[in-house]
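K.L.:
What follows is protein_0.tsv, TSV, C-alpha atoms and all ligand atoms.
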chain	number	residue	atom	x	y	z
A	1	MET	CA	-22.91	-1.29	-7.48
A	2	GLU	CA	-24.10	-4.77	-6.41
A	3	GLU	CA	-23.71	-6.08	-9.96
A	4	ARG	CA	-20.16	-4.70	-10.11
A	5	ILE	CA	-19.28	-6.41	-6.81
A	6	LYS	CA	-20.63	-9.72	-8.20
A	7	LYS	CA	-18.66	-9.25	-11.43
A	8	ALA	CA	-15.48	-8.45	-9.50
A	9	ALA	CA	-15.99	-11.48	-7.26
A	10	ARG	CA	-16.50	-13.76	-10.28
A	11	THR	CA	-13.31	-12.35	-11.84
A	12	ILE	CA	-11.32	-13.09	-8.69
A	13	CYS	CA	-12.72	-16.65	-8.42
A	14	GLN	CA	-11.93	-17.38	-12.07
A	15	SER	CA	-8.47	-15.76	-12.12
A	16	SER	CA	-5.47	-18.09	-11.87
A	17	ILE	CA	-3.26	-15.29	-10.49
A	18	THR	CA	-4.74	-12.23	-8.78
A	19	ILE	CA	-2.54	-9.58	-7.20
A	20	ALA	CA	-3.30	-6.31	-5.42
A	21	LEU	CA	-1.69	-2.87	-5.49
A	22	THR	CA	-2.56	-0.78	-2.44
A	23	GLY	CA	-1.97	2.83	-1.49
A	24	ALA	CA	-2.50	5.10	1.50
A	25	GLY	CA	-6.27	5.12	1.03
A	26	ILE	CA	-6.59	1.57	2.35
A	27	SER	CA	-5.17	2.71	5.73
A	28	VAL	CA	-7.18	5.96	6.09
A	29	GLU	CA	-9.88	4.07	8.04
A	30	SER	CA	-7.12	2.91	10.39
A	31	GLY	CA	-6.45	6.55	11.27
A	32	ILE	CA	-3.49	7.20	8.96
A	33	PRO	CA	-4.16	10.16	6.62
A	34	ASP	CA	-3.31	9.69	2.97
A	35	PHE	CA	-1.09	12.10	1.07
A	36	ARG	CA	-3.13	13.90	-1.59
A	37	SER	CA	-6.73	14.01	-0.36
A	38	SER	CA	-7.80	17.17	1.45
A	39	GLY	CA	-6.22	17.08	4.90
A	40	GLY	CA	-3.59	14.67	3.59
A	41	LEU	CA	0.04	14.70	4.70
A	42	TRP	CA	1.35	16.68	1.71
A	43	GLU	CA	-1.21	19.41	2.40
A	44	ARG	CA	0.51	20.05	5.75
A	45	PHE	CA	4.09	19.16	4.92
A	46	ASN	CA	5.62	20.20	1.58
A	47	PRO	CA	6.88	16.90	0.06
A	48	ILE	CA	9.93	18.69	-1.39
A	49	GLU	CA	10.96	19.96	2.06
A	50	TYR	CA	9.95	16.85	4.04
A	51	GLY	CA	9.66	13.89	1.66
A	52	SER	CA	12.85	13.87	-0.41
A	53	ILE	CA	16.18	12.20	0.38
A	54	GLY	CA	17.92	15.54	-0.32
A	55	ALA	CA	15.79	17.26	2.33
A	56	PHE	CA	16.57	14.50	4.83
A	57	LYS	CA	20.33	14.72	4.27
A	58	ALA	CA	20.25	18.53	4.49
A	59	ASN	CA	18.13	18.75	7.64
A	60	PRO	CA	17.15	15.39	9.22
A	61	GLU	CA	15.80	17.05	12.39
A	62	LYS	CA	13.33	19.07	10.29
A	63	VAL	CA	12.12	15.99	8.38
A	64	TRP	CA	11.68	14.20	11.71
A	65	GLN	CA	9.05	16.86	12.62
A	66	MET	CA	6.85	15.21	9.95
A	67	LEU	CA	8.08	11.67	10.69
A	68	ARG	CA	7.27	12.17	14.40
A	69	GLU	CA	3.60	12.79	13.54
A	70	VAL	CA	3.51	9.78	11.20
A	71	SER	CA	5.24	7.44	13.66
A	72	HIS	CA	2.73	8.27	16.42
A	73	LEU	CA	-0.09	7.41	13.97
A	74	LEU	CA	1.65	4.19	12.91
A	75	ASP	CA	2.10	3.14	16.56
A	76	SER	CA	-1.65	3.37	17.27
A	77	ALA	CA	-2.99	2.17	13.88
A	78	ARG	CA	-4.66	-1.22	13.64
A	79	PRO	CA	-5.72	-3.18	10.52
A	80	ASN	CA	-9.21	-2.29	9.26
A	81	PRO	CA	-11.70	-4.60	7.42
A	82	ALA	CA	-9.99	-3.84	4.09
A	83	HIS	CA	-6.64	-5.19	5.32
A	84	ARG	CA	-8.36	-8.19	6.91
A	85	GLY	CA	-10.45	-8.83	3.79
A	86	LEU	CA	-7.35	-9.01	1.59
A	87	GLY	CA	-5.79	-11.31	4.19
A	88	ARG	CA	-8.88	-13.53	3.92
A	89	LEU	CA	-8.59	-13.64	0.10
A	90	GLN	CA	-4.97	-14.82	0.52
A	91	GLU	CA	-6.14	-17.42	3.05
A	92	LEU	CA	-8.66	-18.66	0.43
A	93	GLY	CA	-5.82	-18.92	-2.10
A	94	LEU	CA	-7.41	-16.21	-4.26
A	95	LEU	CA	-4.87	-13.40	-3.82
A	96	HIS	CA	-1.31	-14.30	-4.74
A	97	THR	CA	0.54	-11.20	-3.52
A	98	ILE	CA	-0.20	-7.70	-2.22
A	99	ILE	CA	2.12	-5.00	-3.55
A	100	THR	CA	1.79	-2.11	-1.14
A	101	GLN	CA	3.08	1.45	-1.36
A	102	ASN	CA	2.35	1.81	2.36
A	103	VAL	CA	4.94	1.47	5.11
A	104	ASP	CA	2.52	0.79	7.97
A	105	TYR	CA	2.78	-3.04	8.09
A	106	LEU	CA	-1.04	-3.22	8.42
A	107	HIS	CA	-1.43	-5.82	5.66
A	108	GLN	CA	0.75	-8.25	7.60
A	109	GLU	CA	-1.08	-7.43	10.84
A	110	GLY	CA	-4.35	-7.97	8.93
A	111	GLY	CA	-3.36	-11.55	8.11
A	112	ALA	CA	-1.68	-11.16	4.72
A	113	THR	CA	1.26	-13.53	4.25
A	114	ARG	CA	2.64	-12.45	0.86
A	115	VAL	CA	3.32	-8.70	0.80
A	116	ILE	CA	5.82	-6.76	-1.32
A	117	GLU	CA	6.71	-3.49	0.43
A	118	TYR	CA	7.34	-1.35	-2.64
A	119	HIS	CA	8.31	1.70	-0.59
A	120	GLY	CA	10.05	-0.18	2.24
A	121	ASN	CA	8.72	-0.09	5.77
A	122	ALA	CA	9.20	1.90	8.96
A	123	LYS	CA	10.08	-1.14	11.12
A	124	THR	CA	13.83	-0.63	10.61
A	125	LEU	CA	16.00	2.50	10.42
A	126	SER	CA	19.48	3.06	8.96
A	127	CYS	CA	22.35	5.47	9.44
A	128	LEU	CA	23.22	7.17	6.13
A	129	TRP	CA	26.66	7.98	7.48
A	130	CYS	CA	27.94	4.71	8.99
A	131	ASP	CA	25.43	2.18	7.53
A	132	GLN	CA	24.36	0.74	10.90
A	133	ARG	CA	20.77	-0.60	10.93
A	134	TYR	CA	18.35	-0.70	13.88
A	135	ASN	CA	14.89	-2.15	14.63
A	136	SER	CA	12.45	0.63	15.54
A	137	ASP	CA	11.59	-1.09	18.83
A	138	GLU	CA	15.20	-1.08	20.03
A	139	LEU	CA	15.44	2.72	19.96
A	140	GLY	CA	13.41	3.46	23.09
A	141	GLY	CA	11.07	6.00	21.48
A	142	GLN	CA	13.69	8.79	21.41
A	143	LEU	CA	12.85	11.18	18.51
A	144	PRO	CA	14.65	11.92	16.35
A	145	PRO	CA	16.36	8.50	16.84
A	146	LYS	CA	20.16	8.63	16.77
A	147	CYS	CA	22.82	6.16	15.71
A	148	SER	CA	25.63	5.19	18.07
A	149	CYS	CA	27.81	7.37	15.81
A	150	GLY	CA	25.66	10.37	16.84
A	151	LYS	CA	23.93	10.95	13.48
A	152	VAL	CA	20.11	11.05	13.04
A	153	LEU	CA	18.69	7.77	11.70
A	154	LYS	CA	16.45	7.46	8.61
A	155	PRO	CA	13.52	5.01	8.48
A	156	ASP	CA	13.99	2.37	5.75
A	157	VAL	CA	11.16	3.87	3.68
A	158	VAL	CA	11.68	5.14	0.13
A	159	PHE	CA	11.90	8.94	-0.01
A	160	PHE	CA	11.42	10.87	-3.25
A	161	GLY	CA	14.72	10.64	-5.11
A	162	GLU	CA	15.53	7.16	-3.76
A	163	PRO	CA	15.33	3.95	-5.81
A	164	ILE	CA	12.66	1.28	-5.21
A	165	PRO	CA	14.29	-1.79	-3.56
A	166	LEU	CA	15.49	-3.87	-6.54
A	167	ARG	CA	13.83	-7.13	-5.43
A	168	ALA	CA	10.49	-5.38	-4.91
A	169	LEU	CA	10.76	-3.76	-8.33
A	170	GLN	CA	11.59	-7.01	-10.11
A	171	GLU	CA	9.04	-9.21	-8.31
A	172	SER	CA	6.27	-6.64	-8.79
A	173	PHE	CA	6.99	-6.29	-12.52
A	174	GLU	CA	7.06	-10.07	-12.91
A	175	LEU	CA	3.70	-10.47	-11.13
A	176	ALA	CA	2.09	-7.56	-12.99
A	177	SER	CA	3.21	-9.13	-16.30
A	178	THR	CA	1.66	-12.52	-15.51
A	179	CYS	CA	-1.43	-11.80	-13.37
A	180	LYS	CA	-4.97	-12.32	-14.71
A	181	ALA	CA	-6.60	-9.86	-12.33
A	182	LEU	CA	-5.26	-6.81	-10.49
A	183	LEU	CA	-7.04	-5.22	-7.52
A	184	VAL	CA	-6.03	-1.54	-7.16
A	185	LEU	CA	-7.11	-0.15	-3.80
A	186	GLY	CA	-6.73	3.30	-2.27
A	187	THR	CA	-4.11	4.79	-4.55
A	188	SER	CA	-4.26	7.97	-6.62
A	189	GLY	CA	-1.96	6.36	-9.20
A	190	GLU	CA	0.08	9.59	-9.23
A	191	VAL	CA	3.50	8.23	-8.26
A	192	ALA	CA	5.93	6.31	-10.46
A	193	PRO	CA	7.11	3.67	-10.77
A	194	ALA	CA	4.30	2.10	-8.68
A	195	ASN	CA	1.75	3.56	-11.09
A	196	THR	CA	3.23	1.53	-13.97
A	197	ILE	CA	1.98	-1.69	-12.32
A	198	PRO	CA	-1.66	-1.30	-13.43
A	199	GLU	CA	-0.57	-0.48	-16.99
A	200	THR	CA	1.78	-3.49	-17.10
A	201	ALA	CA	-1.01	-5.77	-15.88
A	202	LYS	CA	-3.50	-4.31	-18.39
A	203	ARG	CA	-1.06	-4.85	-21.23
A	204	ALA	CA	-0.66	-8.44	-20.12
A	205	GLY	CA	-4.42	-8.93	-20.44
A	206	ALA	CA	-5.39	-8.70	-16.76
A	207	THR	CA	-8.78	-7.41	-15.59
A	208	ILE	CA	-8.32	-4.26	-13.49
A	209	ILE	CA	-10.63	-3.91	-10.47
A	210	GLU	CA	-10.26	-0.52	-8.76
A	211	VAL	CA	-11.53	0.45	-5.29
A	212	ASN	CA	-11.45	4.16	-4.46
A	213	LEU	CA	-13.58	6.89	-2.90
A	214	GLU	CA	-13.41	8.75	-6.21
A	215	PRO	CA	-12.25	8.24	-9.80
A	216	THR	CA	-8.47	8.51	-10.32
A	217	VAL	CA	-6.13	8.91	-13.30
A	218	LEU	CA	-6.44	5.13	-13.73
A	219	THR	CA	-10.25	4.87	-13.73
A	220	ASN	CA	-11.17	6.00	-17.25
A	221	TYR	CA	-7.89	4.82	-18.73
A	222	LEU	CA	-7.30	1.31	-17.36
A	223	THR	CA	-10.01	0.22	-14.92
A	224	ASP	CA	-12.46	-2.49	-16.02
A	225	ILE	CA	-14.54	-2.64	-12.80
A	226	PHE	CA	-14.68	0.48	-10.61
A	227	LEU	CA	-16.00	-0.03	-7.06
A	228	GLN	CA	-16.53	3.49	-5.74
A	229	GLY	CA	-16.61	3.67	-1.99
A	230	LYS	CA	-14.63	3.15	1.20
A	231	ALA	CA	-12.06	0.38	0.96
A	232	SER	CA	-13.29	-1.34	4.14
A	233	GLU	CA	-16.89	-1.48	2.83
A	234	MET	CA	-16.02	-2.49	-0.74
A	235	VAL	CA	-13.56	-5.21	0.30
A	236	THR	CA	-15.98	-6.59	2.89
A	237	GLU	CA	-18.74	-6.85	0.24
A	238	LEU	CA	-16.30	-8.36	-2.26
A	239	VAL	CA	-15.10	-11.08	0.12
A	240	LYS	CA	-18.71	-11.85	1.11
A	241	GLU	CA	-19.59	-12.36	-2.57
A	242	VAL	CA	-16.50	-14.49	-3.18
A	243	GLU	CA	-17.46	-16.76	-0.29
A	244	ILE	CA	-21.02	-17.12	-1.67
A	245	ILE	CA	-19.57	-18.23	-5.03
A	246	ILE	CA	-17.25	-20.71	-3.30
A	247	ALA	CA	-20.12	-22.13	-1.23
A	248	GLU	CA	-22.35	-22.47	-4.34
A	249	ASN	CA	-19.56	-24.27	-6.21
A	250	TYR	CA	-19.12	-26.72	-3.33
A	251	GLU	CA	-22.86	-27.48	-3.43
A	252	ASN	CA	-22.66	-28.13	-7.17
A	253	LEU	CA	-19.68	-30.50	-6.87
B	301	LIG	N1	-11.22	4.09	0.77
B	301	LIG	C1	-10.79	4.03	-0.52
B	301	LIG	N2	-9.98	4.97	-1.08
B	301	LIG	C2	-9.60	6.00	-0.29
B	301	LIG	C3	-10.01	6.13	1.06
B	301	LIG	C4	-10.85	5.12	1.59
B	301	LIG	N3	-11.30	5.16	2.85
B	301	LIG	N4	-9.47	7.28	1.56
B	301	LIG	C5	-8.74	7.83	0.56
B	301	LIG	N5	-8.82	7.07	-0.55
B	301	LIG	C6	-8.16	7.28	-1.84
B	301	LIG	C7	-8.06	8.72	-2.27
B	301	LIG	O1	-9.22	9.09	-3.01
B	301	LIG	C8	-6.80	8.68	-3.16
B	301	LIG	O2	-7.15	8.38	-4.51
B	301	LIG	O3	-6.82	6.83	-1.70
B	301	LIG	C9	-5.98	7.54	-2.60
B	301	LIG	C10	-4.75	7.99	-1.85
B	301	LIG	O4	-3.89	8.62	-2.78
B	301	LIG	P1	-2.52	9.27	-2.26
B	301	LIG	O5	-2.80	10.13	-1.07
B	301	LIG	O6	-1.87	9.88	-3.46
B	301	LIG	O7	-1.66	8.04	-1.73
B	301	LIG	P2	-0.85	6.98	-2.61
B	301	LIG	O8	-1.52	6.76	-3.93
B	301	LIG	O9	-0.63	5.81	-1.75
B	301	LIG	O10	0.54	7.75	-2.83
B	301	LIG	C11	1.58	7.03	-3.45
B	301	LIG	O11	3.10	8.82	-2.94
B	301	LIG	O12	3.83	10.39	-1.46
B	301	LIG	C12	4.12	9.16	-1.99
B	301	LIG	O13	5.37	7.47	-0.97
B	301	LIG	C13	4.11	8.09	-0.93
B	301	LIG	O14	3.41	5.79	-1.13
B	301	LIG	C14	3.02	7.13	-1.36
B	301	LIG	C15	2.90	7.43	-2.84
Spell out the structure here as structure tokens.
P.N.:
Amino acid sequence: MEERIKKAARTICQSSITIALTGAGISVESGIPDFRSSGGLWERFNPIEYGSIGAFKANPEKVWQMLREVSHLLDSARPNPAHRGLGRLQELGLLHTIITQNVDYLHQEGGATRVIEYHGNAKTLSCLWCDQRYNSDELGGQLPPKCSCGKVLKPDVVFFGEPIPLRALQESFELASTCKALLVLGTSGEVAPANTIPETAKRAGATIIEVNLEPTVLTNYLTDIFLQGKASEMVTELVKEVEIIIAENYENL
């Protein structure tokens, strides 16, 4: 594994544009369960009944039973070393943008400055009936939160059956088509269109570095360097190795 970490670190240091694609796995060590691992959210809540826009419109109070559990976890979650390590890579000018499927805002709280929220985020909520929009902290914790028109509000996260925000879609495709290295961390690669990002990057000639507890649908098909392990541990080792390379280069200047 050490050799793979060194190879990944060299790739990042030599890459003119490196981007990252993250999924729920990067936030598991912050206390937020992922979706498809055992004990994940979709094991306890059927995604068709709780995760689709049709389900929300039909019975918003029912969907808020699941959202209530998630929002309590989001309130108490803090960035873990994986979030902070990616923030450090951005600080070093070695990670152009993080494209995240997560809605927990932990990349920003972990120091990242360029984040594309591919599935929106839970910081704002909208009324599907009268289009009013609210910040989550102006709703006083009432669940389910209601609009002044009386209807139940929906968090501005992308439910199954909803489109990806157009700007996020376009910017992510543009970056995936031009990057030289792509870090894929904590995603099963099961959900489109986010899972087209690694393939787009590969086709453009990028090196794919994947961090995951276990192999995924991407590993044998697209991944060049597979770092198997916990995101917080792998990212910490990776950043440590990057900083050694930087220090050695300074000495050789
Ligand atoms: N470190 C690294 N990887 C981890 C860790 C960890 N500590 N814990 C879990 N993982 C891995 C799992 O092995 C799995 O491959 O993270 C991945 C999480 O996969 P999913 O649960 O499918 O989550 P994600 O890929 O983000 O799902 C994509 O699906 O339900 C929708 O909108 C939802 O954004 C989500 C999308």
K.L.:
Set out as a Markdown table a contact list for segment 31-101 of chain A and segment 148-160 of chain A with a cut-off of 10 Å, giving each residue of segment 31-101 of chain A that qualifies its closest atom pair and distance in Å to one decimal, counting all atoms listed in the file, ordered by chain and rising residue number.
P.N.:
| residue | atom | partner | partner_atom | distance |
| --- | --- | --- | --- | --- |
| A:Pro47 | CA | A:Phe160 | CA | 8.2 |
| A:Ile48 | CA | A:Phe160 | CA | 8.2 |
| A:Tyr50 | CA | A:Phe159 | CA | 9.1 |
| A:Gly51 | CA | A:Phe159 | CA | 5.7 |
| A:Ser52 | CA | A:Phe160 | CA | 4.4 |
| A:Ile53 | CA | A:Phe159 | CA | 5.4 |
| A:Gly54 | CA | A:Phe160 | CA | 8.5 |
| A:Ala55 | CA | A:Phe159 | CA | 9.5 |
| A:Phe56 | CA | A:Lys154 | CA | 8.0 |
| A:Lys57 | CA | A:Lys154 | CA | 9.3 |
| A:Asn59 | CA | A:Val152 | CA | 9.6 |
| A:Pro60 | CA | A:Val152 | CA | 6.5 |
| A:Glu61 | CA | A:Val152 | CA | 7.4 |
| A:Val63 | CA | A:Lys154 | CA | 9.6 |
| A:Trp64 | CA | A:Lys154 | CA | 8.8 |
| A:Leu67 | CA | A:Pro155 | CA | 8.9 |
| A:Gln101 | CA | A:Val158 | CA | 9.5 |
K.L.:
Keeping only C-alpha atoms, write those residues as a PDB file, in the frame of the given file.
P.N.:
ATOM      1  CA  PRO A  47       6.880  16.900   0.060  1.00  0.00           C
ATOM      2  CA  ILE A  48       9.930  18.690  -1.390  1.00  0.00           C
ATOM      3  CA  TYR A  50       9.950  16.850   4.040  1.00  0.00           C
ATOM      4  CA  GLY A  51       9.660  13.890   1.660  1.00  0.00           C
ATOM      5  CA  SER A  52      12.850  13.870  -0.410  1.00  0.00           C
ATOM      6  CA  ILE A  53      16.180  12.200   0.380  1.00  0.00           C
ATOM      7  CA  GLY A  54      17.920  15.540  -0.320  1.00  0.00           C
ATOM      8  CA  ALA A  55      15.790  17.260   2.330  1.00  0.00           C
ATOM      9  CA  PHE A  56      16.570  14.500   4.830  1.00  0.00           C
ATOM     10  CA  LYS A  57      20.330  14.720   4.270  1.00  0.00           C
ATOM     11  CA  ASN A  59      18.130  18.750   7.640  1.00  0.00           C
ATOM     12  CA  PRO A  60      17.150  15.390   9.220  1.00  0.00           C
ATOM     13  CA  GLU A  61      15.800  17.050  12.390  1.00  0.00           C
ATOM     14  CA  VAL A  63      12.120  15.990   8.380  1.00  0.00           C
ATOM     15  CA  TRP A  64      11.680  14.200  11.710  1.00  0.00           C
ATOM     16  CA  LEU A  67       8.080  11.670  10.690  1.00  0.00           C
ATOM     17  CA  GLN A 101       3.080   1.450  -1.360  1.00  0.00           C
TER      18      GLN A 101
END
K.L.:
Could you check how far atom CA of Ile225 of chain A sits from atom CA of Phe173 of chain A, in Å to one decimal?
P.N.:
21.8 Å
K.L.:
I'd like to know which of A:Arg88, A:Lys62, A:Arg114, A:Arg36 is closest to ligand LIG 301 (chain B), using all atoms listed in the file.
P.N.:
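Of all the options, A:Arg36 lies closest to ligand LIG 301 (chain B).
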K.L.:
Would you name the residues within 7 Å of ligand LIG 301 (chain B), counting all atoms listed in the file, and put them as an NGL selection string?
P.N.:
:A and (22-26 or 28-29 or 34-37 or 40 or 101-102 or 119 or 158-159 or 185-191 or 211-214 or 216 or 229-232)
K.L.:
Could you jot down the atom CA of Ala58 of chain A to atom CA of Leu125 of chain A separation for me, Å, one decimal place?
P.N.:
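Taking atom CA of Ala58 of chain A and atom CA of Leu125 of chain A, their separation equals 17.6 Å.
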K.L.:
Could you tell me how far atom CA of Arg78 of chain A sits from atom CA of Phe45 of chain A, in Å to one decimal place?
P.N.:
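For atom CA of Phe45 of chain A relative to atom CA of Arg78 of chain A, the distance reads 23.8 Å.
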K.L.:
Which of these, A:Ile244, A:Ala192, A:Val217, A:Ile32, has the shortest distance to Leu169 of chain A once you count all atoms listed in the file?
P.N.:
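For Leu169 of chain A, the nearest of the candidates is A:Ala192.
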K.L.:
As a short mmCIF file (atom, residue, chain, number, x, y, z; two decimals), in the coordinates of the input, please: segment 81-92 of chain A completed to N, CA and C atoms.
P.N.:
data_model
loop_
_atom_site.label_atom_id
_atom_site.label_comp_id
_atom_site.auth_asym_id
_atom_site.auth_seq_id
_atom_site.Cartn_x
_atom_site.Cartn_y
_atom_site.Cartn_z
N PRO A 81 -11.11 -3.48 8.18
CA PRO A 81 -11.70 -4.60 7.42
C PRO A 81 -11.13 -4.76 6.00
N ALA A 82 -10.59 -3.69 5.44
CA ALA A 82 -9.99 -3.84 4.09
C ALA A 82 -8.71 -4.67 4.16
N HIS A 83 -7.87 -4.39 5.15
CA HIS A 83 -6.64 -5.19 5.32
C HIS A 83 -7.02 -6.65 5.61
N ARG A 84 -7.98 -6.81 6.52
CA ARG A 84 -8.36 -8.19 6.91
C ARG A 84 -9.03 -8.92 5.76
N GLY A 85 -9.78 -8.19 4.93
CA GLY A 85 -10.45 -8.83 3.79
C GLY A 85 -9.45 -9.32 2.77
N LEU A 86 -8.39 -8.55 2.53
CA LEU A 86 -7.35 -9.01 1.59
C LEU A 86 -6.61 -10.20 2.19
N GLY A 87 -6.42 -10.16 3.52
CA GLY A 87 -5.79 -11.31 4.19
C GLY A 87 -6.63 -12.57 4.02
N ARG A 88 -7.96 -12.40 4.08
CA ARG A 88 -8.88 -13.53 3.92
C ARG A 88 -8.80 -14.09 2.49
N LEU A 89 -8.71 -13.18 1.50
CA LEU A 89 -8.59 -13.64 0.10
C LEU A 89 -7.30 -14.45 -0.08
N GLN A 90 -6.22 -14.03 0.61
CA GLN A 90 -4.97 -14.82 0.52
C GLN A 90 -5.17 -16.17 1.19
N GLU A 91 -5.88 -16.16 2.32
CA GLU A 91 -6.14 -17.42 3.05
C GLU A 91 -6.95 -18.39 2.16
N LEU A 92 -7.84 -17.83 1.34
CA LEU A 92 -8.66 -18.66 0.43
C LEU A 92 -7.88 -19.07 -0.82
#
